[in-house]
Each structure stands twice: as structure tokens, then as C-alpha cells.
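Worksheet for the structure shown next.
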Amino acid sequence: MPIGIVLALITLLIVSVLYFFYSYRRHTLGDNAPEQKIDVKVLDKQSIPLSNSQPGEDNEEYWLYVQPCSGGPKREFRIGIHYYHALNRGDHGTLTYRGLNFIHFALKRS
């Protein structure tokens with residue numbers, strides 16, 4: 001096999017692996033993802049106690065579970081305590097997020 005073909009295959013393999021990791025980080029982990037807004041309905045919320053929290057840190061983490069009003073997959077976001085206490089099951093509003101990161105929830109009043 002000529003050395004040029006081997007080098008071309010190795011180069012193609014390296015480019016493919018690098019593109020895979022770039023795509024994985026952007027679409028799955030949300031790195032450098034664009035900010036998006038969708039209308040959602042709050043399905044549930046949950047607080048989970050943390051067993052290894054340090055003094056002065058929160059001893060719980062708070063999660064919000066939502067369903068897009070226009071259809072689509074259910075989503076879950078880690079939220080702050082103020083959103084946890086302000087939102088209730090059945091609330092409708094506009095969710096702003098970036099990748100997997102929760103940014104803001106604007107409640108729609110009826």
C-alpha cells in the first residue's frame with residue numbers, strides 16, 4: 001500500500017474523531033449552544049438532598065421537568081431555589097435555555 005494512502009486514511013480518521021467530539025460537546029453537552037426560548041408546561045419539580053455538601057453550600061439541588069406546548073420531548077433542568085419555590089405543577093410560560101443549562105422562566109399569567 002502506498003504511503004500516501006495510509007497518510008490520507010490517518011488524516012481522515014483524525015479529522016473524523018475531532019469532528020465527532022466537537023459535535024458531541026455542542027449538541028449533547030450544550031457547549032457554545034445558541035440560546036433558545038420555547039413555550040412549556042411545568043410537569044413537576046423535585047428537590048434532591050445532597051449528602052456531601054460542604055458547610056455554607058446548598059444541601060439540596062432543585063430540578064424542573066417541563067413539556068413543550070407544541071410537542072416534543074420532555075426536558076429536565078437544574079434550577080435555583082427561587083425558581084423552585086415560584087413555579088408549580090401546571091404552570092405555563094416561556095423557558096429560556098442554552099443546551100442543557102436553564103437560564104430563565106417567564107410565567108404566563110392567564
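In the C-alpha cells, each chain is lettered A, B, ... as it comes, each chain's residues begin at 1, and ligands are numbered from 1 in order of appearance.
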
Near-region 101-109 of chain A list (12 Å; only C-alpha atoms; drop same-chain fewer than 2 positions) as an NGL selection string: :A and (28-42 or 62-66 or 75-80 or 82-84 or 86-88 or 90-99)

According to DSSP computed on the backbone, where in chain A is there alpha helix (DSSP H)? Give the residues as a PyMOL selection string. chain A and resi 3-27+81-86

Restricting it to N, CA and C atoms, dump the selection as a PDB file, in the first residue's frame.
ATOM      1  N   ILE A   3       2.382   4.891   0.758  1.00  0.00           N
ATOM      2  CA  ILE A   3       2.388   5.678   1.989  1.00  0.00           C
ATOM      3  C   ILE A   3       1.380   6.831   1.931  1.00  0.00           C
ATOM      4  N   GLY A   4       1.104   7.368   0.744  1.00  0.00           N
ATOM      5  CA  GLY A   4       0.148   8.461   0.591  1.00  0.00           C
ATOM      6  C   GLY A   4      -1.257   8.064   0.997  1.00  0.00           C
ATOM      7  N   ILE A   5      -1.656   6.861   0.656  1.00  0.00           N
ATOM      8  CA  ILE A   5      -2.990   6.373   1.024  1.00  0.00           C
ATOM      9  C   ILE A   5      -3.087   6.181   2.535  1.00  0.00           C
ATOM     10  N   VAL A   6      -2.042   5.640   3.135  1.00  0.00           N
ATOM     11  CA  VAL A   6      -2.025   5.431   4.586  1.00  0.00           C
ATOM     12  C   VAL A   6      -2.114   6.774   5.307  1.00  0.00           C
ATOM     13  N   LEU A   7      -1.346   7.769   4.868  1.00  0.00           N
ATOM     14  CA  LEU A   7      -1.389   9.091   5.486  1.00  0.00           C
ATOM     15  C   LEU A   7      -2.757   9.752   5.303  1.00  0.00           C
ATOM     16  N   ALA A   8      -3.358   9.579   4.138  1.00  0.00           N
ATOM     17  CA  ALA A   8      -4.686  10.134   3.890  1.00  0.00           C
ATOM     18  C   ALA A   8      -5.727   9.490   4.807  1.00  0.00           C
ATOM     19  N   LEU A   9      -5.652   8.179   5.005  1.00  0.00           N
ATOM     20  CA  LEU A   9      -6.589   7.485   5.897  1.00  0.00           C
ATOM     21  C   LEU A   9      -6.405   7.917   7.349  1.00  0.00           C
ATOM     22  N   ILE A  10      -5.151   8.077   7.778  1.00  0.00           N
ATOM     23  CA  ILE A  10      -4.883   8.519   9.152  1.00  0.00           C
ATOM     24  C   ILE A  10      -5.400   9.945   9.356  1.00  0.00           C
ATOM     25  N   THR A  11      -5.158  10.815   8.369  1.00  0.00           N
ATOM     26  CA  THR A  11      -5.651  12.185   8.447  1.00  0.00           C
ATOM     27  C   THR A  11      -7.173  12.208   8.495  1.00  0.00           C
ATOM     28  N   LEU A  12      -7.816  11.416   7.672  1.00  0.00           N
ATOM     29  CA  LEU A  12      -9.280  11.335   7.662  1.00  0.00           C
ATOM     30  C   LEU A  12      -9.812  10.817   8.991  1.00  0.00           C
ATOM     31  N   LEU A  13      -9.139   9.847   9.573  1.00  0.00           N
ATOM     32  CA  LEU A  13      -9.547   9.313  10.873  1.00  0.00           C
ATOM     33  C   LEU A  13      -9.427  10.380  11.960  1.00  0.00           C
ATOM     34  N   ILE A  14      -8.340  11.135  11.970  1.00  0.00           N
ATOM     35  CA  ILE A  14      -8.147  12.183  12.971  1.00  0.00           C
ATOM     36  C   ILE A  14      -9.203  13.278  12.824  1.00  0.00           C
ATOM     37  N   VAL A  15      -9.474  13.699  11.605  1.00  0.00           N
ATOM     38  CA  VAL A  15     -10.497  14.728  11.368  1.00  0.00           C
ATOM     39  C   VAL A  15     -11.869  14.217  11.800  1.00  0.00           C
ATOM     40  N   SER A  16     -12.168  12.975  11.517  1.00  0.00           N
ATOM     41  CA  SER A  16     -13.462  12.396  11.900  1.00  0.00           C
ATOM     42  C   SER A  16     -13.630  12.355  13.411  1.00  0.00           C
ATOM     43  N   VAL A  17     -12.605  11.953  14.132  1.00  0.00           N
ATOM     44  CA  VAL A  17     -12.672  11.874  15.595  1.00  0.00           C
ATOM     45  C   VAL A  17     -12.831  13.271  16.188  1.00  0.00           C
ATOM     46  N   LEU A  18     -12.071  14.232  15.677  1.00  0.00           N
ATOM     47  CA  LEU A  18     -12.186  15.600  16.176  1.00  0.00           C
ATOM     48  C   LEU A  18     -13.577  16.173  15.918  1.00  0.00           C
ATOM     49  N   TYR A  19     -14.139  15.931  14.757  1.00  0.00           N
ATOM     50  CA  TYR A  19     -15.476  16.419  14.442  1.00  0.00           C
ATOM     51  C   TYR A  19     -16.531  15.745  15.325  1.00  0.00           C
ATOM     52  N   PHE A  20     -16.355  14.457  15.598  1.00  0.00           N
ATOM     53  CA  PHE A  20     -17.284  13.756  16.481  1.00  0.00           C
ATOM     54  C   PHE A  20     -17.313  14.406  17.858  1.00  0.00           C
ATOM     55  N   PHE A  21     -16.133  14.662  18.448  1.00  0.00           N
ATOM     56  CA  PHE A  21     -16.086  15.258  19.778  1.00  0.00           C
ATOM     57  C   PHE A  21     -16.633  16.682  19.774  1.00  0.00           C
ATOM     58  N   TYR A  22     -16.378  17.452  18.726  1.00  0.00           N
ATOM     59  CA  TYR A  22     -16.935  18.791  18.602  1.00  0.00           C
ATOM     60  C   TYR A  22     -18.460  18.727  18.552  1.00  0.00           C
ATOM     61  N   SER A  23     -18.981  17.852  17.720  1.00  0.00           N
ATOM     62  CA  SER A  23     -20.424  17.708  17.570  1.00  0.00           C
ATOM     63  C   SER A  23     -21.064  17.201  18.867  1.00  0.00           C
ATOM     64  N   TYR A  24     -20.442  16.250  19.525  1.00  0.00           N
ATOM     65  CA  TYR A  24     -20.951  15.704  20.785  1.00  0.00           C
ATOM     66  C   TYR A  24     -21.026  16.798  21.851  1.00  0.00           C
ATOM     67  N   ARG A  25     -19.970  17.576  22.007  1.00  0.00           N
ATOM     68  CA  ARG A  25     -19.950  18.635  23.017  1.00  0.00           C
ATOM     69  C   ARG A  25     -20.994  19.700  22.723  1.00  0.00           C
ATOM     70  N   ARG A  26     -21.182  20.040  21.466  1.00  0.00           N
ATOM     71  CA  ARG A  26     -22.125  21.103  21.115  1.00  0.00           C
ATOM     72  C   ARG A  26     -23.574  20.650  21.260  1.00  0.00           C
ATOM     73  N   HIS A  27     -23.901  19.477  20.754  1.00  0.00           N
ATOM     74  CA  HIS A  27     -25.301  19.049  20.710  1.00  0.00           C
ATOM     75  C   HIS A  27     -25.748  18.273  21.936  1.00  0.00           C
ATOM     76  N   ILE A  81     -33.142  27.816  43.783  1.00  0.00           N
ATOM     77  CA  ILE A  81     -34.187  27.667  44.793  1.00  0.00           C
ATOM     78  C   ILE A  81     -35.331  28.655  44.576  1.00  0.00           C
ATOM     79  N   HIS A  82     -35.039  29.856  44.083  1.00  0.00           N
ATOM     80  CA  HIS A  82     -36.105  30.842  43.880  1.00  0.00           C
ATOM     81  C   HIS A  82     -37.077  30.407  42.792  1.00  0.00           C
ATOM     82  N   TYR A  83     -36.580  29.775  41.720  1.00  0.00           N
ATOM     83  CA  TYR A  83     -37.488  29.245  40.692  1.00  0.00           C
ATOM     84  C   TYR A  83     -38.255  28.040  41.240  1.00  0.00           C
ATOM     85  N   TYR A  84     -37.602  27.239  42.056  1.00  0.00           N
ATOM     86  CA  TYR A  84     -38.251  26.060  42.634  1.00  0.00           C
ATOM     87  C   TYR A  84     -39.482  26.466  43.445  1.00  0.00           C
ATOM     88  N   HIS A  85     -39.362  27.508  44.243  1.00  0.00           N
ATOM     89  CA  HIS A  85     -40.486  27.928  45.078  1.00  0.00           C
ATOM     90  C   HIS A  85     -41.527  28.733  44.303  1.00  0.00           C
ATOM     91  N   ALA A  86     -41.116  29.376  43.201  1.00  0.00           N
ATOM     92  CA  ALA A  86     -42.042  30.231  42.446  1.00  0.00           C
ATOM     93  C   ALA A  86     -42.911  29.445  41.464  1.00  0.00           C
TER      94      ALA A  86
END

Identify all residues of chain A in strand (DSSP E or B) (DSSP on the backbone) and supply them as a ChimeraX atom specification. /A:35-49,60-68,75-79,92-98,101-107

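Of the residues under consideration (A:Pro2, A:Pro49, A:Leu100, A:Asp44), A:Pro49 shows the shortest atom-to-atom contact distance to Glu61 (chain A) when counting only C-alpha atoms.
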
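Across the model, the gap from CA of Arg89 (chain A) to CA of Lys45 (chain A) is 7.2 Å.
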
Which residues are close to Asn59 (chain A), i.e. within 10 Å by only C-alpha atoms, leaving aside same-chain residues fewer than 2 positions away? Reply as a ChimeraX atom specification. /A:47-57,61

Selection from above, N, CA and C atoms, as a short mmCIF file (atom, residue, chain, number, x, y, z; two decimals), in the first residue's frame, can you write it?
data_model
loop_
_atom_site.label_atom_id
_atom_site.label_comp_id
_atom_site.auth_asym_id
_atom_site.auth_seq_id
_atom_site.Cartn_x
_atom_site.Cartn_y
_atom_site.Cartn_z
N SER A 47 -36.87 18.32 44.66
CA SER A 47 -35.65 18.69 45.38
C SER A 47 -34.97 17.40 45.82
N ILE A 48 -33.68 17.36 45.61
CA ILE A 48 -32.90 16.16 45.93
C ILE A 48 -31.86 16.53 46.98
N PRO A 49 -31.89 15.89 48.16
CA PRO A 49 -30.88 16.19 49.18
C PRO A 49 -29.49 15.72 48.74
N LEU A 50 -28.49 16.54 49.03
CA LEU A 50 -27.11 16.19 48.71
C LEU A 50 -26.43 15.72 49.99
N SER A 51 -25.78 14.59 49.91
CA SER A 51 -25.17 14.02 51.11
C SER A 51 -23.77 14.57 51.38
N ASN A 52 -23.10 15.09 50.36
CA ASN A 52 -21.72 15.51 50.54
C ASN A 52 -21.54 17.03 50.41
N SER A 53 -22.53 17.81 50.85
CA SER A 53 -22.41 19.26 50.74
C SER A 53 -21.51 19.80 51.85
N GLN A 54 -20.78 20.85 51.53
CA GLN A 54 -19.88 21.49 52.48
C GLN A 54 -20.64 22.55 53.27
N PRO A 55 -20.16 22.92 54.44
CA PRO A 55 -20.82 23.99 55.20
C PRO A 55 -20.85 25.28 54.38
N GLY A 56 -22.00 25.94 54.36
CA GLY A 56 -22.17 27.16 53.59
C GLY A 56 -22.69 26.92 52.19
N GLU A 57 -22.75 25.68 51.74
CA GLU A 57 -23.27 25.34 50.42
C GLU A 57 -24.71 24.84 50.56
N GLU A 61 -30.38 20.07 45.70
CA GLU A 61 -30.42 20.61 44.35
C GLU A 61 -31.85 20.50 43.86
#
